[in-house]
>>> print(open('entry08.cif').read())   # mmCIF, C-alpha atoms and all ligand atoms
data_work
#
loop_
_atom_site.label_atom_id
_atom_site.label_comp_id
_atom_site.auth_asym_id
_atom_site.auth_seq_id
_atom_site.Cartn_x
_atom_site.Cartn_y
_atom_site.Cartn_z
CA MET H 9 0.00 0.00 0.00
CA VAL H 10 1.18 3.54 -0.76
CA ASN H 11 1.77 5.61 2.37
CA ASP H 12 0.64 8.86 0.75
CA GLY H 13 1.33 11.14 3.70
CA LEU H 14 4.51 9.26 4.70
CA GLU H 15 3.14 8.90 8.25
CA GLY H 16 5.53 7.10 10.54
CA VAL H 17 8.29 6.86 7.92
CA VAL H 18 11.62 7.80 9.51
CA VAL H 19 13.63 9.86 7.01
CA ALA H 20 16.29 11.31 9.31
CA GLU H 21 17.88 11.20 12.72
CA THR H 22 17.78 14.54 14.49
CA ARG H 23 18.88 16.10 17.77
CA LEU H 24 16.81 19.20 17.03
CA SER H 25 13.29 18.38 18.17
CA ASP H 26 10.94 15.55 19.05
CA VAL H 27 7.17 15.50 18.65
CA ASP H 28 5.27 12.97 20.77
CA GLY H 29 1.82 13.11 19.21
CA ALA H 30 0.14 10.71 21.63
CA ALA H 31 1.35 12.45 24.78
CA GLY H 32 1.18 15.98 23.35
CA ARG H 33 4.81 16.65 24.18
CA LEU H 34 7.26 18.74 22.15
CA VAL H 35 10.98 18.86 22.94
CA ILE H 36 13.09 21.50 21.16
CA ALA H 37 16.91 21.36 21.49
CA GLY H 38 16.55 19.05 24.48
CA GLN H 39 13.99 21.14 26.39
CA ASP H 40 10.21 20.95 26.72
CA VAL H 41 8.61 23.72 24.67
CA GLU H 42 6.80 25.08 27.74
CA ALA H 43 10.08 25.69 29.59
CA LEU H 44 11.99 26.88 26.53
CA ALA H 45 9.32 29.43 25.56
CA LYS H 46 9.28 30.78 29.12
CA GLU H 47 13.00 31.32 29.50
CA ALA H 48 14.65 31.55 26.07
CA THR H 49 14.89 34.44 23.65
CA PHE H 50 14.77 33.67 19.93
CA GLU H 51 18.53 34.29 19.86
CA ARG H 52 19.10 31.61 22.48
CA ALA H 53 16.86 29.07 20.71
CA PHE H 54 18.69 29.88 17.47
CA ALA H 55 22.08 29.35 19.17
CA MET H 56 20.86 26.02 20.58
CA LEU H 57 19.41 24.77 17.30
CA VAL H 58 21.86 26.08 14.73
CA HIS H 59 25.09 26.08 16.75
CA ASP H 60 24.27 23.50 19.43
CA ASP H 61 25.59 26.06 21.91
CA PRO H 62 23.28 28.21 24.07
CA GLY H 63 26.38 30.16 25.13
CA ARG H 64 26.46 31.77 21.68
CA GLU H 65 23.28 33.74 22.38
CA ARG H 66 25.10 37.10 22.48
CA VAL H 67 27.06 36.39 19.31
CA VAL H 68 23.84 35.35 17.57
CA ARG H 69 22.14 38.57 18.72
CA ARG H 70 24.93 40.54 17.06
CA THR H 71 25.09 38.49 13.87
CA LEU H 72 21.29 38.49 13.45
CA GLY H 73 21.43 42.29 13.75
CA GLU H 74 24.12 42.37 11.05
CA GLY H 75 21.98 40.07 8.92
CA ARG H 76 19.01 42.44 9.22
CA LEU H 77 21.16 45.41 8.32
CA ALA H 78 22.60 43.68 5.24
CA ALA H 79 19.11 42.68 4.09
CA TRP H 80 17.87 46.25 4.54
CA GLU H 81 20.41 47.34 1.90
CA LEU H 82 18.44 45.25 -0.63
CA VAL H 83 14.97 46.55 0.24
CA SER H 84 14.92 49.49 -2.17
CA GLU H 85 15.82 47.33 -5.16
CA LEU H 86 13.21 44.70 -4.15
CA LYS H 87 10.22 47.07 -4.13
CA GLY H 88 8.53 45.11 -6.95
CA VAL H 89 8.55 41.76 -5.17
CA LEU H 90 7.76 43.34 -1.80
CA ALA H 91 4.58 44.77 -3.32
CA LEU H 92 3.18 41.36 -4.35
CA PRO H 93 -0.29 40.73 -2.90
CA ASN H 94 0.75 37.60 -0.95
CA GLY H 95 3.39 38.08 1.75
CA MET H 96 4.75 34.56 1.28
CA ASP H 97 5.28 35.21 -2.44
CA SER H 98 7.21 38.36 -1.50
CA LEU H 99 9.28 36.51 1.09
CA ARG H 100 10.07 33.64 -1.27
CA ALA H 101 11.12 35.98 -4.10
CA ALA H 102 13.11 38.33 -1.85
CA ILE H 103 15.06 35.54 -0.10
CA ALA H 104 15.73 34.02 -3.53
CA ARG H 105 17.50 37.26 -4.48
CA THR H 106 19.99 36.94 -1.59
CA SER H 107 23.24 35.03 -1.84
CA ASP H 108 24.71 34.94 1.69
CA SER H 109 24.15 31.36 2.86
CA ARG H 110 25.09 31.96 6.51
CA PRO H 111 22.16 31.11 8.81
CA GLU H 112 22.05 34.50 10.56
CA ALA H 113 22.10 36.32 7.20
CA ILE H 114 19.09 34.31 6.05
CA ALA H 115 17.22 34.65 9.37
CA GLY H 116 17.90 38.41 9.47
CA ALA H 117 16.68 38.76 5.89
CA THR H 118 13.51 36.78 6.67
CA SER H 119 12.54 39.27 9.36
CA VAL H 120 13.39 42.35 7.27
CA PHE H 121 11.58 41.15 4.13
CA ALA H 122 8.52 39.88 6.05
CA ALA H 123 8.15 43.26 7.75
CA ALA H 124 8.98 45.39 4.70
CA ALA H 125 6.53 43.49 2.47
CA SER H 126 3.81 43.88 5.10
CA ARG H 127 4.36 47.66 5.12
CA VAL H 128 4.55 48.00 1.33
CA ARG H 129 1.31 46.00 0.92
CA ALA H 130 -0.37 48.41 3.30
CA GLY H 131 0.89 51.38 1.25
CA LEU H 132 3.43 52.38 3.93
CA ALA H 133 7.18 52.96 3.74
CA PRO H 134 9.40 50.13 5.05
CA ILE H 135 11.10 50.83 8.40
CA ALA H 136 14.85 50.28 8.82
CA PRO H 137 16.12 47.72 11.33
CA HIS H 138 18.09 48.60 14.48
CA PRO H 139 20.80 45.97 14.77
CA SER H 140 21.27 46.53 18.50
CA ARG H 141 17.69 45.47 19.29
CA GLY H 142 16.63 41.91 19.98
CA HIS H 143 15.30 40.08 16.92
CA ALA H 144 11.67 39.94 18.14
CA GLU H 145 11.64 43.58 19.24
CA ASP H 146 13.16 44.75 15.96
CA THR H 147 10.73 42.66 13.92
CA LEU H 148 7.82 44.43 15.65
CA ALA H 149 9.48 47.81 15.22
CA MET H 150 10.00 47.18 11.49
CA LEU H 151 6.30 46.30 11.21
CA GLY H 152 5.44 49.60 12.88
CA ALA H 153 3.85 47.73 15.82
CA ALA H 154 4.38 48.58 19.51
CA THR H 155 7.49 46.90 20.90
CA THR H 156 5.65 46.17 24.16
CA GLY H 157 4.69 42.87 22.52
CA ALA H 158 8.36 41.86 22.12
CA SER H 159 8.45 39.23 24.86
CA ALA H 160 5.23 37.62 23.57
CA LEU H 161 6.67 37.56 20.04
CA ASP H 162 9.91 36.10 21.38
CA ALA H 163 7.93 33.31 23.04
CA TYR H 164 6.05 32.71 19.79
CA LEU H 165 9.21 32.58 17.65
CA VAL H 166 10.81 30.12 20.08
CA THR H 167 7.64 27.99 20.19
CA VAL H 168 7.54 27.57 16.40
CA SER H 169 11.33 27.42 15.85
CA ASP H 170 11.32 23.70 15.12
CA HIS H 171 8.81 20.85 14.96
CA GLY H 172 10.15 17.51 13.87
CA MET H 173 9.87 16.43 10.25
CA ASN H 174 7.12 18.87 9.27
CA ALA H 175 6.52 19.49 5.55
CA SER H 176 8.65 22.63 5.14
CA THR H 177 11.54 21.15 7.14
CA PHE H 178 11.38 17.99 5.05
CA ALA H 179 11.47 20.16 1.91
CA ALA H 180 14.55 21.97 3.28
CA ARG H 181 16.26 18.67 4.10
CA VAL H 182 15.56 17.22 0.65
CA ILE H 183 17.21 20.28 -0.92
CA ALA H 184 20.10 20.12 1.57
CA SER H 185 20.62 16.44 0.73
CA THR H 186 21.37 17.26 -2.91
CA GLY H 187 24.38 19.34 -1.85
CA SER H 188 22.60 22.60 -2.72
CA ASP H 189 22.96 25.81 -0.68
CA MET H 190 21.06 27.04 2.38
CA VAL H 191 19.31 29.93 0.58
CA SER H 192 17.81 27.43 -1.89
CA ALA H 193 16.66 25.17 0.95
CA VAL H 194 14.95 28.07 2.75
CA VAL H 195 13.28 29.25 -0.48
CA GLY H 196 11.85 25.74 -0.93
CA ALA H 197 10.75 25.61 2.71
CA ILE H 198 8.96 28.97 2.39
CA GLY H 199 7.03 27.55 -0.56
CA ALA H 200 5.94 24.59 1.57
CA LEU H 201 5.01 26.72 4.57
CA LYS H 202 2.75 28.90 2.43
CA GLY H 203 0.13 26.18 2.01
CA PRO H 204 -3.03 26.39 4.16
CA LEU H 205 -2.55 22.85 5.47
CA HIS H 206 0.82 23.85 6.94
CA GLY H 207 1.46 27.51 7.82
CA GLY H 208 -1.35 29.31 6.07
CA ALA H 209 -4.09 28.68 8.63
CA PRO H 210 -3.88 31.49 11.23
CA GLY H 211 -5.26 34.26 8.99
CA PRO H 212 -8.35 32.17 8.20
CA VAL H 213 -8.72 31.46 11.96
CA LEU H 214 -9.33 35.17 12.51
CA ASP H 215 -11.71 35.30 9.52
CA MET H 216 -13.65 32.51 11.24
CA LEU H 217 -13.76 34.38 14.58
CA ASP H 218 -14.96 37.53 12.78
CA ALA H 219 -17.69 35.60 10.98
CA ILE H 220 -18.85 34.01 14.24
CA GLU H 221 -18.72 37.29 16.14
CA ALA H 222 -20.88 38.92 13.47
CA ARG H 223 -23.60 36.33 14.13
CA GLY H 224 -23.92 37.40 17.77
CA ALA H 225 -24.42 35.18 20.83
CA GLY H 226 -24.59 31.46 20.10
CA GLY H 227 -23.22 31.92 16.58
CA ALA H 228 -20.37 29.47 17.03
CA THR H 229 -22.39 26.26 16.88
CA ALA H 230 -24.40 27.35 13.82
CA TRP H 231 -21.31 28.53 11.92
CA ILE H 232 -19.18 25.46 12.70
CA THR H 233 -22.04 23.09 11.85
CA GLU H 234 -22.61 24.82 8.51
CA GLN H 235 -18.92 24.57 7.60
CA LEU H 236 -18.71 20.89 8.50
CA ASP H 237 -21.96 20.11 6.68
CA ALA H 238 -20.44 21.77 3.59
CA LYS H 239 -17.34 19.53 4.07
CA ARG H 240 -15.09 22.49 4.79
CA ARG H 241 -12.19 22.23 7.23
CA ILE H 242 -12.09 24.26 10.42
CA MET H 243 -8.79 26.11 10.35
CA GLY H 244 -6.63 25.77 13.46
CA MET H 245 -8.11 22.36 14.31
CA GLY H 246 -6.56 18.93 13.72
CA HIS H 247 -2.98 17.79 13.27
CA ARG H 248 -1.20 15.05 11.40
CA VAL H 249 0.81 13.99 14.46
CA TYR H 250 -0.94 15.21 17.63
CA ARG H 251 -3.82 13.11 18.92
CA VAL H 252 -4.29 15.46 21.87
CA ARG H 253 -4.27 19.25 22.02
CA ASP H 254 -1.11 20.67 20.44
CA PRO H 255 1.14 21.67 23.39
CA ARG H 256 2.08 24.86 21.54
CA ALA H 257 -1.56 25.99 21.68
CA ALA H 258 -1.33 26.08 25.50
CA VAL H 259 2.00 27.94 25.45
CA LEU H 260 0.60 30.62 23.15
CA GLU H 261 -2.72 30.81 25.00
CA ALA H 262 -0.79 31.52 28.23
CA GLN H 263 1.09 34.31 26.44
CA VAL H 264 -2.20 35.89 25.33
CA ARG H 265 -3.57 35.63 28.88
CA ALA H 266 -0.52 37.53 30.12
CA LEU H 267 -1.37 40.32 27.66
CA ARG H 268 -5.04 40.41 28.36
CA GLU H 269 -5.29 43.93 29.82
CA GLY H 270 -5.84 45.11 26.24
CA PRO H 271 -8.75 44.40 23.91
CA CYS H 272 -7.61 40.79 23.45
CA GLY H 273 -9.51 39.57 26.57
CA ALA H 274 -12.83 39.37 24.72
CA ARG H 275 -11.14 37.84 21.66
CA LEU H 276 -9.58 35.15 23.82
CA GLU H 277 -12.93 34.28 25.41
CA LEU H 278 -14.50 33.98 21.95
CA ALA H 279 -11.58 31.82 20.78
CA ARG H 280 -11.99 29.48 23.77
CA GLU H 281 -15.72 29.14 23.04
CA VAL H 282 -15.12 28.46 19.33
CA GLU H 283 -12.41 25.92 20.13
CA GLN H 284 -14.77 24.05 22.47
CA VAL H 285 -17.63 24.04 19.95
CA ALA H 286 -15.32 22.95 17.11
CA GLN H 287 -13.81 20.18 19.22
CA ARG H 288 -17.26 18.92 20.23
CA GLU H 289 -18.63 18.97 16.67
CA LEU H 290 -15.53 17.32 15.22
CA GLU H 291 -15.68 14.63 17.93
CA ARG H 292 -19.29 13.89 16.98
CA ARG H 293 -18.39 13.49 13.31
CA HIS H 294 -15.03 11.76 13.74
CA PRO H 295 -15.32 9.75 16.97
CA ASP H 296 -12.21 7.72 16.08
CA ARG H 297 -9.99 10.66 15.06
CA PRO H 298 -9.26 13.20 17.81
CA LEU H 299 -9.17 16.65 16.15
CA ARG H 300 -8.09 19.31 18.63
CA ALA H 301 -6.71 22.84 18.45
CA ASN H 302 -3.32 23.16 16.81
CA VAL H 303 -0.62 25.84 17.06
CA GLU H 304 -2.27 28.01 14.42
CA PHE H 305 -5.41 28.59 16.48
CA TYR H 306 -3.68 30.60 19.21
CA THR H 307 -1.02 31.95 16.86
CA ALA H 308 -3.82 33.95 15.30
CA ILE H 309 -4.98 35.37 18.64
CA LEU H 310 -1.45 36.15 19.85
CA LEU H 311 -0.18 37.81 16.67
CA GLU H 312 -3.35 39.88 16.36
CA ALA H 313 -3.01 41.00 19.99
CA ILE H 314 0.54 42.29 19.48
CA GLY H 315 -0.31 44.21 16.32
CA VAL H 316 0.91 41.91 13.53
CA PRO H 317 -1.37 42.41 10.49
CA ARG H 318 -3.42 39.36 9.54
CA ASP H 319 -1.82 39.03 6.10
CA THR H 320 1.62 38.83 7.74
CA PHE H 321 0.98 35.88 10.08
CA THR H 322 2.53 33.22 7.83
CA PRO H 323 5.65 35.30 7.04
CA ILE H 324 6.12 35.79 10.81
CA PHE H 325 5.81 32.01 11.25
CA ALA H 326 8.74 31.79 8.80
CA VAL H 327 10.73 34.28 10.94
CA GLY H 328 10.62 31.69 13.75
CA ARG H 329 10.80 28.46 11.73
CA VAL H 330 13.84 29.61 9.72
CA ALA H 331 15.94 28.65 12.78
CA GLY H 332 14.83 25.04 12.41
CA TRP H 333 15.26 25.05 8.63
CA CYS H 334 18.88 26.24 8.90
CA ALA H 335 19.68 23.75 11.67
CA HIS H 336 18.13 20.86 9.73
CA PHE H 337 20.04 21.93 6.63
CA ASN H 338 23.36 21.59 8.48
CA GLU H 339 22.34 18.33 10.09
CA GLN H 340 21.28 16.83 6.76
CA GLN H 341 24.42 17.93 4.93
CA ARG H 342 26.59 16.35 7.63
CA THR H 343 25.09 12.96 6.75
CA GLY H 344 26.21 13.35 3.12
CA ARG H 345 23.21 11.23 2.07
CA LEU H 346 20.87 12.09 -0.82
CA ILE H 347 17.18 11.72 0.11
CA ARG H 348 15.63 9.74 -2.72
CA PRO H 349 12.34 7.96 -1.94
CA SER H 350 10.53 5.88 -4.53
CA SER H 351 7.15 5.86 -6.21
CA ARG H 352 5.06 2.98 -7.50
CA TYR H 353 4.46 3.22 -11.24
CA VAL H 354 0.84 2.75 -12.29
CA ARG H 355 -0.26 2.73 -15.91
CA ALA H 356 -2.57 5.60 -16.89
N1 LIG E 401 -11.85 20.40 10.05
C1 LIG E 401 -12.75 19.49 9.62
N2 LIG E 401 -12.46 18.22 9.36
C2 LIG E 401 -11.18 17.84 9.55
C3 LIG E 401 -10.19 18.72 10.00
C4 LIG E 401 -10.57 20.05 10.25
N3 LIG E 401 -9.70 20.95 10.66
N4 LIG E 401 -9.03 18.06 10.09
C5 LIG E 401 -9.26 16.80 9.70
N5 LIG E 401 -10.57 16.68 9.37
C6 LIG E 401 -11.25 15.48 8.92
C7 LIG E 401 -10.86 15.13 7.50
O1 LIG E 401 -11.71 15.76 6.58
C8 LIG E 401 -11.02 13.63 7.49
O2 LIG E 401 -12.39 13.34 7.32
P1 LIG E 401 -12.86 12.07 6.42
O3 LIG E 401 -12.16 10.88 7.03
O4 LIG E 401 -14.34 12.08 6.58
O5 LIG E 401 -12.39 12.38 5.03
C9 LIG E 401 -10.66 13.22 8.92
O6 LIG E 401 -10.83 14.39 9.72
C10 LIG E 401 -9.26 12.72 9.10
O7 LIG E 401 -8.40 13.67 8.64
P2 LIG E 401 -6.99 13.33 8.03
O8 LIG E 401 -7.09 13.45 6.56
O9 LIG E 401 -6.48 12.02 8.53
O10 LIG E 401 -6.15 14.48 8.66
P3 LIG E 401 -4.71 14.90 8.19
O11 LIG E 401 -3.72 14.28 9.11
O12 LIG E 401 -4.50 14.71 6.74
O13 LIG E 401 -4.81 16.46 8.42
C11 LIG E 401 -4.39 18.65 8.89
C12 LIG E 401 -4.05 17.21 9.25
C13 LIG E 401 -3.64 19.61 9.80
C14 LIG E 401 -3.95 18.90 7.44
C15 LIG E 401 -5.91 18.84 9.02
O14 LIG E 401 -6.32 18.55 10.35
C16 LIG E 401 -6.37 20.21 8.59
O15 LIG E 401 -6.61 20.43 7.40
N6 LIG E 401 -6.54 21.17 9.55
C17 LIG E 401 -6.95 22.51 9.20
C18 LIG E 401 -5.75 23.31 8.69
C19 LIG E 401 -4.80 23.67 9.82
O16 LIG E 401 -5.19 24.07 10.90
N7 LIG E 401 -3.50 23.57 9.51
C20 LIG E 401 -2.44 23.89 10.45
C21 LIG E 401 -1.77 22.65 10.92
S1 LIG E 401 -0.60 22.96 12.20
#
>>> encode(input="entry08.cif", output="structure tokens", more="lines below")
Ligand code: COA
Amino acid sequence: MVNDGLEGVVVAETRLSDVDGAAGRLVIAGQDVEALAKEATFERAFAMLVHDDPGRERVVRRTLGEGRLAAWELVSELKGVLALPNGMDSLRAAIARTSDSRPEAIAGATSVFAAAASRVRAGLAPIAPHPSRGHAEDTLAMLGAATTGASALDAYLVTVSDHGMNASTFAARVIASTGSDMVSAVVGAIGALKGPLHGGAPGPVLDMLDAIEARGAGGATAWITEQLDAKRRIMGMGHRVYRVRDPRAAVLEAQVRALREGPCGARLELAREVEQVAQRELERRHPDRPLRANVEFYTAILLEAIGVPRDTFTPIFAVGRVAGWCAHFNEQQRTGRLIRPSSRYVRA
């Protein structure tokens, strides 16, 4: 039988992260995601993943700043691609125009291009980076958002920095295995992350909350039932690996709770209600397949609360995940093995 989603097929050995889907446990660089998100900056997680050395946090902070500055030099000549209607198309095209294959150069460029494209799409001028700032803080500043959300964004970037053999990481490793360069691997990974079944879900999660809010009290059950009757998927629910609630959903929900002085309190309550209704309705229809909230559900609430525009959610996911892509690239190249699965030929 063809294993069309390659479930359970081991394609690599990795020290970078481990996803236990039955227990709902995620370990990144040897630490549970809950602990890592609480105590690590993005720079530290990057140092742990890419350099296997948390002690390099300060060096990484400096080199990421340099990476952002170098990328900023390219922004004026990339105006055309930064104005594309889809932020992931802009990011893919802009990273493809870079040639520095050092991990911090690529990660710095990801932040600068994600933010600049978001601004250009909104008809605003891009904002220059400040290399002395932390990566999360500078990313918010370049978006024109308040930097008071920096620690929440840091926690988010750490939380999504790596996640086992997910589709974009696999894409990056396949490219790495051919002996290609890191920029090419990240360009391929961005293409994979763009898809709604992988990283494209959080924007639609907010569209769903808006649609339910517009219906008034009790709107959640009617809206969810209609979608499921029409055989549409509920964004932010379900996961290929987790059979319980995605542990990252709880980490991000806790971050939103910590912010809740602002207008996000009501949004969070609505999100909790919608999650419960969606879980109940999905359980009724798929009693044998637990479909619970995934990382994207609370990503949407968190990024909205700290002022990231809805159309920039997936590019910001890439700002965090690029750490994992670069680390997996190095790990794969060290094996020196080409990834070359097979297909079964069937006559048309
Ligand atoms: N809403 C409604 N139904 C869903 C669903 C969802 N979010 N997720 C899965 N299902 C249904 C499928 O339609 C399928 O039904 P069927 O057996 O009647 O055809 C059944 O549950 C089993 O799904 P399966 O195909 O085994 O799930 P998968 O492992 O291929 O899908 C996802 C995993 C993430 C792609 C899927 O849950 C999904 O599309 N979720 C919404 C998008 C999303 O949030 N993506 C971000 C992931 S982090």
>>> residues_around(input="entry08.cif", residues="Glu21 in chain H", least_positions_apart="5", cutoff="12 Å", atoms="only C-alpha atoms", output="MDAnalysis selection string")
chainID H and resid 26 172:173 181 336 339:340 342:343 345
>>> residues_around(input="entry08.cif", residues="range 89-95 of chain H", least_positions_apart="5", cutoff="12 Å", atoms="only C-alpha atoms", output="PyMOL selection string")
chain H and resi 82-84+100-105+118-134+198-199+201-203+208+211+317-326
>>> residues_near_ligand(input="entry08.cif", ligand="ligand LIG 401 (chain E)", cutoff="6 Å", atoms="all atoms listed in the file", output="ChimeraX atom specification")
/H:205-207,209,241-248,302-304
>>> closest_residue(input="entry08.cif", among="H:Ser350, H:Thr307, H:Ser25, H:Ser107", to="Ala163 in chain H", atoms="all atoms listed in the file")
H:Thr307
>>> atom_distance(input="entry08.cif", atom1="CA of Ala301 in chain H", atom2="CA of Ile232 in chain H")
14.0 Å
>>> residues_near_point(input="entry08.cif", point="(-7.5, 14.3, 18.4)", cutoff="8 Å", atoms="only C-alpha atoms", output="VMD selection string")
chain H and resid 246 to 247 250 to 253 297 to 300
>>> residues_around(input="entry08.cif", residues="Arg348 in chain H", least_positions_apart="4", cutoff="12 Å", atoms="only C-alpha atoms", output="number ranges by chain")
H: 19, 181-183, 185-186
>>> closest_residue(input="entry08.cif", among="H:Ile309, H:Ala184, H:Leu161, H:Val285", to="Val213 in chain H", atoms="all atoms listed in the file")
H:Ile309
>>> atom_distance(input="entry08.cif", atom1="CA of Arg352 in chain H", atom2="CA of Gly16 in chain H")
18.5 Å
>>> atom_distance(input="entry08.cif", atom1="CA of Glu74 in chain H", atom2="CA of His59 in chain H")
17.3 Å
>>> closest_residue(input="entry08.cif", among="H:Gly152, H:Pro139, H:Gly196, H:Gly75", to="Glu112 in chain H", atoms="only C-alpha atoms")
H:Gly75
>>> residues_around(input="entry08.cif", residues="range 142-148 of chain H", least_positions_apart="5", cutoff="7 Å", atoms="only C-alpha atoms", output="list in words")
Arg69, Ser119, Ala123, Pro137, Ala153, Ala154, Thr155, Ala158, Leu161 and Asp162 of chain H
>>> residues_around(input="entry08.cif", residues="Leu24 in chain H", least_positions_apart="4", cutoff="12 Å", atoms="all atoms listed in the file", output="JSON, numbers by chain")
{"H": [20, 34, 35, 36, 37, 38, 39, 40, 53, 54, 55, 56, 57, 58, 59, 60, 169, 170, 171, 172, 173, 177, 331, 332, 333, 334, 335, 336, 337, 338, 339, 340]}
>>> closest_residue(input="entry08.cif", among="H:Ala258, H:Ala180, H:Val191, H:Val67", to="Ala115 in chain H", atoms="all atoms listed in the file")
H:Val191
>>> decode(input="entry08.cif", residues="range 116-159 of chain H", atoms="C-alpha atoms", output="short mmCIF file (atom, residue, chain, number, x, y, z; two decimals), in the first residue's frame")
data_model
loop_
_atom_site.label_atom_id
_atom_site.label_comp_id
_atom_site.auth_asym_id
_atom_site.auth_seq_id
_atom_site.Cartn_x
_atom_site.Cartn_y
_atom_site.Cartn_z
CA GLY H 116 17.90 38.41 9.47
CA ALA H 117 16.68 38.76 5.89
CA THR H 118 13.51 36.78 6.67
CA SER H 119 12.54 39.27 9.36
CA VAL H 120 13.39 42.35 7.27
CA PHE H 121 11.58 41.15 4.13
CA ALA H 122 8.52 39.88 6.05
CA ALA H 123 8.15 43.26 7.75
CA ALA H 124 8.98 45.39 4.70
CA ALA H 125 6.53 43.49 2.47
CA SER H 126 3.81 43.88 5.10
CA ARG H 127 4.36 47.66 5.12
CA VAL H 128 4.55 48.00 1.33
CA ARG H 129 1.31 46.00 0.92
CA ALA H 130 -0.37 48.41 3.30
CA GLY H 131 0.89 51.38 1.25
CA LEU H 132 3.43 52.38 3.93
CA ALA H 133 7.18 52.96 3.74
CA PRO H 134 9.40 50.13 5.05
CA ILE H 135 11.10 50.83 8.40
CA ALA H 136 14.85 50.28 8.82
CA PRO H 137 16.12 47.72 11.33
CA HIS H 138 18.09 48.60 14.48
CA PRO H 139 20.80 45.97 14.77
CA SER H 140 21.27 46.53 18.50
CA ARG H 141 17.69 45.47 19.29
CA GLY H 142 16.63 41.91 19.98
CA HIS H 143 15.30 40.08 16.92
CA ALA H 144 11.67 39.94 18.14
CA GLU H 145 11.64 43.58 19.24
CA ASP H 146 13.16 44.75 15.96
CA THR H 147 10.73 42.66 13.92
CA LEU H 148 7.82 44.43 15.65
CA ALA H 149 9.48 47.81 15.22
CA MET H 150 10.00 47.18 11.49
CA LEU H 151 6.30 46.30 11.21
CA GLY H 152 5.44 49.60 12.88
CA ALA H 153 3.85 47.73 15.82
CA ALA H 154 4.38 48.58 19.51
CA THR H 155 7.49 46.90 20.90
CA THR H 156 5.65 46.17 24.16
CA GLY H 157 4.69 42.87 22.52
CA ALA H 158 8.36 41.86 22.12
CA SER H 159 8.45 39.23 24.86
#
